[in-house]
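Colleague: Pasting in a structure now, in C-alpha cells, and then I'll have a few things to ask.
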Amino acid sequence: MNNSRKVLVVGLDGGTLDLIEPWAVDGVLAGFKRLLGEGARAPLRTTIPPITGPAWTAFATGKNPGKHGLFDFLGRRPGSYKLFSFNATHRHGASLWGLIGQSGKKVGVLNVPLTYPPEPVNGFLITGMLTPPDAEDYCYPAIIGHRLRQAVPGYFVQPAGNYDAYGREMELIRVVREMTEMRIEAARYLMQNTDWDLFMVVFMATDILQHAFWHFMDPMHTKHDDMALPALRDAIQDCYGQIDGYLKELFSTLDDDTYVMIMSDHGFGPLEKYFHVNTWLWRRGFLRFNSTPFTSTKRALFQMGVTQLNVYRLLRRLRQARNVAQTVRRRKEDVRNLLDQWFLSFEDVNWSQTRAYSIGNVGPIYVNLRGREPEGIVEPGQAYEDVLEELTQDLYQLRDPATNLQMIEKVYRREEIYTGPRLHEAPDLFCIPRDLRYSAFGLLQFPSNRWLEPTFDRTGGHRMDGVLILRGPGVRPGYRLDSANIVDLAPTILALMGVPIPSDMDGQVLENLLTDDFRASLKIVTSPETVTEYYKPTELSAEDEEAVLQRLRGLGYLG
C-alpha cells in the first residue's frame with residue numbers, strides 16, 4: 001500500500017445525509033452527487049447528546065467524552081455551581097493532527113471548533129469556534145496568520161454579533177455567505193501554498209442557517225410560512241450549493257491518490273419546543289428557592305411571567321434586541337449582574353433543600369451530591385441511586401400538554417454512554433427528547449416560568465446522525481454502510497495514511513468502506529496507549545471568557 005497518499009477532510013457543521021442525498025439525486029448538488037457515486041457513504045452517529053463541542057473533540061481524538069473530558073461547551077468549576085468555557089487545553093488525549101505530525105507527515109488544520117489555543121503541529125493550525133474574538137494567537141505558527149491575512153484580507157475566525165435571524169433574515173444570509181466564501185478562499189490559498197499530507201477545513205454555515213431557516217424549507221414544520229420569499233425557502237439549499245461549488249473545484253485540483261472525506265459533527269432536523277429543565281425540576285420539587293424577601297419577590301415576578309425570555313421577546317418585537325445585545329457587549333459585567341439581581345438564578349437556589357439541577361444543552365442533570373457539590377445534600381450510595389431513579393421515572397412520564405405524546409425518548413445514566421477516566425466529571429443523567437424536536441434551552445438557569453414552550457429563535461436542531469462520505473483509492477464506489485460512529489474517523493484516517501493507531505482510541509477502522517483487495521493490503525498498526533495529558537489546562541482571562549460566552553449566546557447556545 002502507498003502510505004504517501006494524502007487526505008482532505010471537509011467538515012460541515014450540522015451536515016446531514018437527509019438533505020444531501022435527495023438534493024444530489026435531483027442534480028442540485030452535482031459535486032456531492034459525484035462524490036456519492038465514486039465513494040462510499042454512511043450516516044455518522046455522533047456523541048450523546050449531539051453537541052458541537054464534545055462531538056468535534058471525539059472526532060479529533062477518536063475517543064468518547066468519558067476519555068477526552070469535554071461534555072458540553074462549558075464545564076463546572078470544581079467545588080462550585082459556576083461554569084467556565086472549555087478550550088483545547090482541557091482536552092485529554094492526542095489529536096488526529098498531532099499524531100499525524102508526530103509521524104513526520106505535514107498537517108494543515110483550518111477552523112475546527114475547540115482548537116484554541118492552537119497546539120504546536122508539524123505544519124499549521126488555525127483555530128475555530130470558541131476562539132476569543134480579539135485573540136491574536138489563533139494561528140500556529142504565527143507567520144501563517146500573517147500570510148493568510150495578506151492573501152484573504154480581513155480574515156476572521158467567526159463574525160461578531162447575534163445569529164438570531166428575526167427581522168434581519170436577508171442580512172444573516174449575506175453575512176453567512178460572505179463568511180463561507182472567505183473560508184473557501186482561505187482553504188484554497190493554504191492548500192496551494194503549503195505542504196500537507198492531511199488538510200482539514202470546517203464550514204459552520206450549514207449549522208447556522210439550519211438553526212435559523214429550517215421552518216422556511218420544511219413544509220411540515222409548525223412555523224412554516226407558505227408565503228415566505230424564495231430566498232428564505234432556499235437559504236439552506238443555497239448554502240449547501242455554495243459548498244458544492246467548492247467541492248467541484250477540488251476535483252480539478254486533487255490527484256486520484258488523494259482521499260476526500262466529507263463529514264459532520266452531528267445531523268439536523270426540525271426543532272419546535274424548548275424544555276426548561278430547571279423550571280421543571282423546581283415544579284417537581286427537586287429544586288427549591290430561598291425564602292428571603294428579595295428572592296420571594298423575584299419568584300413572584302417569575303410566576304407572573306416577568307422572565308428573561310419574555311423581556312427579550314418584548315424587546316425583539318419592538319426591534320430593540322440588537323441594541324440591547326450591543327449594550328450587553330459594551331457593559332457585560334454590569335448587565336450580567338443586573339440579570340442576576342432582578343431575575344431568578346442559582347444565587348436564589350436553596351441548595352440545602354435541592355436534590356438536582358441542570359446545566360447544559362439537551363437536558364443534562366446533576367444530583368446535588370454531598371462531597372462533590374459545595375452544598376450537596378444527597379448522600380452517596382442508595383440515596384443517590386434513589387434520586388436518579390425518581391428523576392428517570394418522572395422524565396419518562398413527561399408528556400407534551402399540547403399533544404399528550406411522551407416527550408422523553410431515553411434517559412441515560414452517564415455510565416451507560418461514557419467510559420474512561422473523566423467519567424466522574426460528566427452529568428449524572430441525560431434526557432434525550434423524542435425525535436429531538438424538543439431541546440433544553442442552552443445554559444440560562446431560569447429563562448422561563450413555563451417548563452415547555454415553543455422555540456422563539458430557532459426552528460432547526462441537532463440530530464444524532466450526520467454525514468460521512470469517503471472517496472479515494474480502494475473505496476467501494478456507490479456503497480452505503482448502515483452506520484458509522486464519529487470516533488471511527490480518526491483511526492480510519494490514520495490507517496489510510498499508514499500512521500499507528502493508539503490503542504486507547506474507542507473508534508474502529510471503517511474497513512467495510514474499502515474493497516476486499518484493498519483491505520487485504522491495508523496494514524493496520526497500533527501503538528501503545530497515548531499519554532492523557534498534553535497541555536496544562538488553562539482558563540481564559542475574565543475578558544476573553546466573557547467574550548466567548550457572548551459568542552455562544554449569539555449562536556443561541558446560552559440563550
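Within each chain, counting starts at residue 1; across the C-alpha cells, chains are named A, B, ... in the order shown, with ligands numbered 1 upward in that order.
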Tell me, as number ranges by chain, which residues lie within 9 Å of Met407 of chain A, counting only C-alpha atoms; anything in the same chain fewer than 3 positions away does not count.
Modeller: A: 395-400, 404, 432-435, 438
Colleague: Grab the residues selected above and save them as a CSV table (one decimal), in the first residue's frame with C-alpha atoms.
Modeller:
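New file selection-v4.csv:
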```csv
chain,number,residue,atom,x,y,z
A,395,LEU,CA,-38.9,12.1,33.0
A,396,TYR,CA,-40.3,9.1,31.2
A,397,GLN,CA,-43.8,10.2,32.4
A,398,LEU,CA,-43.5,13.6,30.9
A,399,ARG,CA,-46.0,14.4,28.1
A,400,ASP,CA,-46.4,17.4,25.9
A,404,ASN,CA,-50.3,14.2,25.0
A,432,ILE,CA,-32.9,12.8,25.2
A,433,PRO,CA,-36.2,14.2,23.9
A,434,ARG,CA,-38.4,12.3,21.4
A,435,ASP,CA,-37.1,12.9,17.8
A,438,TYR,CA,-37.5,19.4,21.8
```
Colleague: Within segment 123-204 of chain A, find each residue whose DSSP state, derived from the backbone, is strand (DSSP E), and express the selection as a list in words.
Modeller: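 In segment 123-204 of chain A, DSSP puts these residues in strand (DSSP E): Gly123, Phe124, Leu125, Ile126, Thr127, Cys139, Tyr140, Leu198, Phe199, Met200, Val201, Val202 and Phe203 of chain A.
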Colleague: Which distance in Å separates atom CA of Gly39 of chain A and atom CA of Ile262 of chain A, to one decimal?
Modeller: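 We find that atom CA of Gly39 of chain A and atom CA of Ile262 of chain A lie 10.4 Å from each other.
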Colleague: Pick out the residues sitting within 8 Å of segment 495-503 of chain A, and hand them over as an MDAnalysis selection string; count only C-alpha atoms, and ignore anything fewer than 5 positions along from it in its own chain.
Modeller: chainID A and resid 3:7 99:100 103 509 522:530
Colleague: Convert the current residue selection to file output with N, CA and C atoms, as a CSV table (one decimal), in the first residue's frame.
Modeller:
```csv
chain,number,residue,atom,x,y,z
A,3,ASN,N,1.7,4.6,1.3
A,3,ASN,CA,1.4,5.3,2.5
A,3,ASN,C,1.7,6.8,2.3
A,4,SER,N,2.0,7.2,1.1
A,4,SER,CA,2.2,8.7,0.9
A,4,SER,C,1.0,9.4,0.4
A,5,ARG,N,-0.2,8.7,0.4
A,5,ARG,CA,-1.4,9.3,0.0
A,5,ARG,C,-1.9,10.4,1.0
A,6,LYS,N,-2.5,11.4,0.4
A,6,LYS,CA,-3.0,12.5,1.2
A,6,LYS,C,-4.4,12.3,1.6
A,7,VAL,N,-4.9,13.0,2.6
A,7,VAL,CA,-6.3,13.0,3.0
A,7,VAL,C,-6.8,14.5,3.1
A,99,LEU,N,-1.0,13.4,16.1
A,99,LEU,CA,-0.4,12.1,15.8
A,99,LEU,C,0.2,12.0,14.4
A,100,ILE,N,-0.5,12.6,13.4
A,100,ILE,CA,0.0,12.5,12.1
A,100,ILE,C,1.3,13.3,12.0
A,103,SER,N,4.3,11.6,13.2
A,103,SER,CA,4.8,10.5,12.3
A,103,SER,C,5.7,11.1,11.2
A,509,VAL,N,-11.3,1.1,12.6
A,509,VAL,CA,-11.1,1.4,11.2
A,509,VAL,C,-12.3,1.0,10.4
A,522,LEU,N,-4.1,-3.5,3.3
A,522,LEU,CA,-4.1,-2.4,4.4
A,522,LEU,C,-3.4,-3.0,5.6
A,523,LYS,N,-2.3,-2.4,6.0
A,523,LYS,CA,-1.6,-2.8,7.2
A,523,LYS,C,-1.9,-1.9,8.3
A,524,ILE,N,-2.8,-2.3,9.3
A,524,ILE,CA,-3.2,-1.5,10.4
A,524,ILE,C,-2.2,-1.8,11.6
A,525,VAL,N,-1.6,-0.7,12.0
A,525,VAL,CA,-0.6,-0.8,13.1
A,525,VAL,C,-1.1,0.0,14.3
A,526,THR,N,-1.0,-0.6,15.5
A,526,THR,CA,-1.4,0.1,16.7
A,526,THR,C,-0.2,0.5,17.5
A,527,SER,N,-0.4,1.5,18.3
A,527,SER,CA,0.7,1.9,19.2
A,527,SER,C,0.2,1.9,20.6
A,528,PRO,N,1.1,1.9,21.6
A,528,PRO,CA,0.7,1.9,23.0
A,528,PRO,C,-0.2,3.1,23.3
A,529,GLU,N,-1.0,2.9,24.4
A,529,GLU,CA,-1.9,3.9,24.8
A,529,GLU,C,-1.2,5.3,24.9
A,530,THR,N,-1.9,6.3,24.4
A,530,THR,CA,-1.3,7.7,24.4
A,530,THR,C,-1.3,8.3,25.8
```
Colleague: Could you pull the residues within 10 Å of Asp482 of chain A, counting only C-alpha atoms, minus those fewer than 6 positions along the same chain, as a compact mmCIF listing (two decimals) with all heavy atoms, in the first residue's frame?
Modeller:
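To be explicit, this is the file written out as selection-v8.txt:
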```
# COMPACT_ATOMS: atom_id res chain seq x y z
N ARG A 41 -20.57 5.95 1.55
CA ARG A 41 -21.22 6.88 2.49
C ARG A 41 -21.78 6.12 3.67
O ARG A 41 -21.94 4.89 3.63
CB ARG A 41 -22.36 7.61 1.78
CG ARG A 41 -23.62 6.77 1.63
CD ARG A 41 -24.56 7.29 0.61
NE ARG A 41 -24.15 6.91 -0.73
CZ ARG A 41 -24.92 7.01 -1.82
NH1 ARG A 41 -26.13 7.51 -1.70
NH2 ARG A 41 -24.50 6.63 -2.99
N ALA A 42 -22.12 6.87 4.72
CA ALA A 42 -22.78 6.29 5.90
C ALA A 42 -23.38 7.41 6.73
O ALA A 42 -22.81 8.51 6.79
CB ALA A 42 -21.78 5.49 6.75
N PRO A 43 -24.52 7.16 7.36
CA PRO A 43 -24.96 8.08 8.41
C PRO A 43 -23.93 8.00 9.54
O PRO A 43 -23.48 6.91 9.90
CB PRO A 43 -26.32 7.51 8.86
CG PRO A 43 -26.70 6.51 7.81
CD PRO A 43 -25.43 6.02 7.21
N LEU A 44 -23.52 9.15 10.06
CA LEU A 44 -22.44 9.19 11.05
C LEU A 44 -23.02 9.49 12.42
O LEU A 44 -23.44 10.61 12.70
CB LEU A 44 -21.42 10.26 10.66
CG LEU A 44 -20.13 10.27 11.47
CD1 LEU A 44 -19.33 8.99 11.24
CD2 LEU A 44 -19.29 11.50 11.14
```
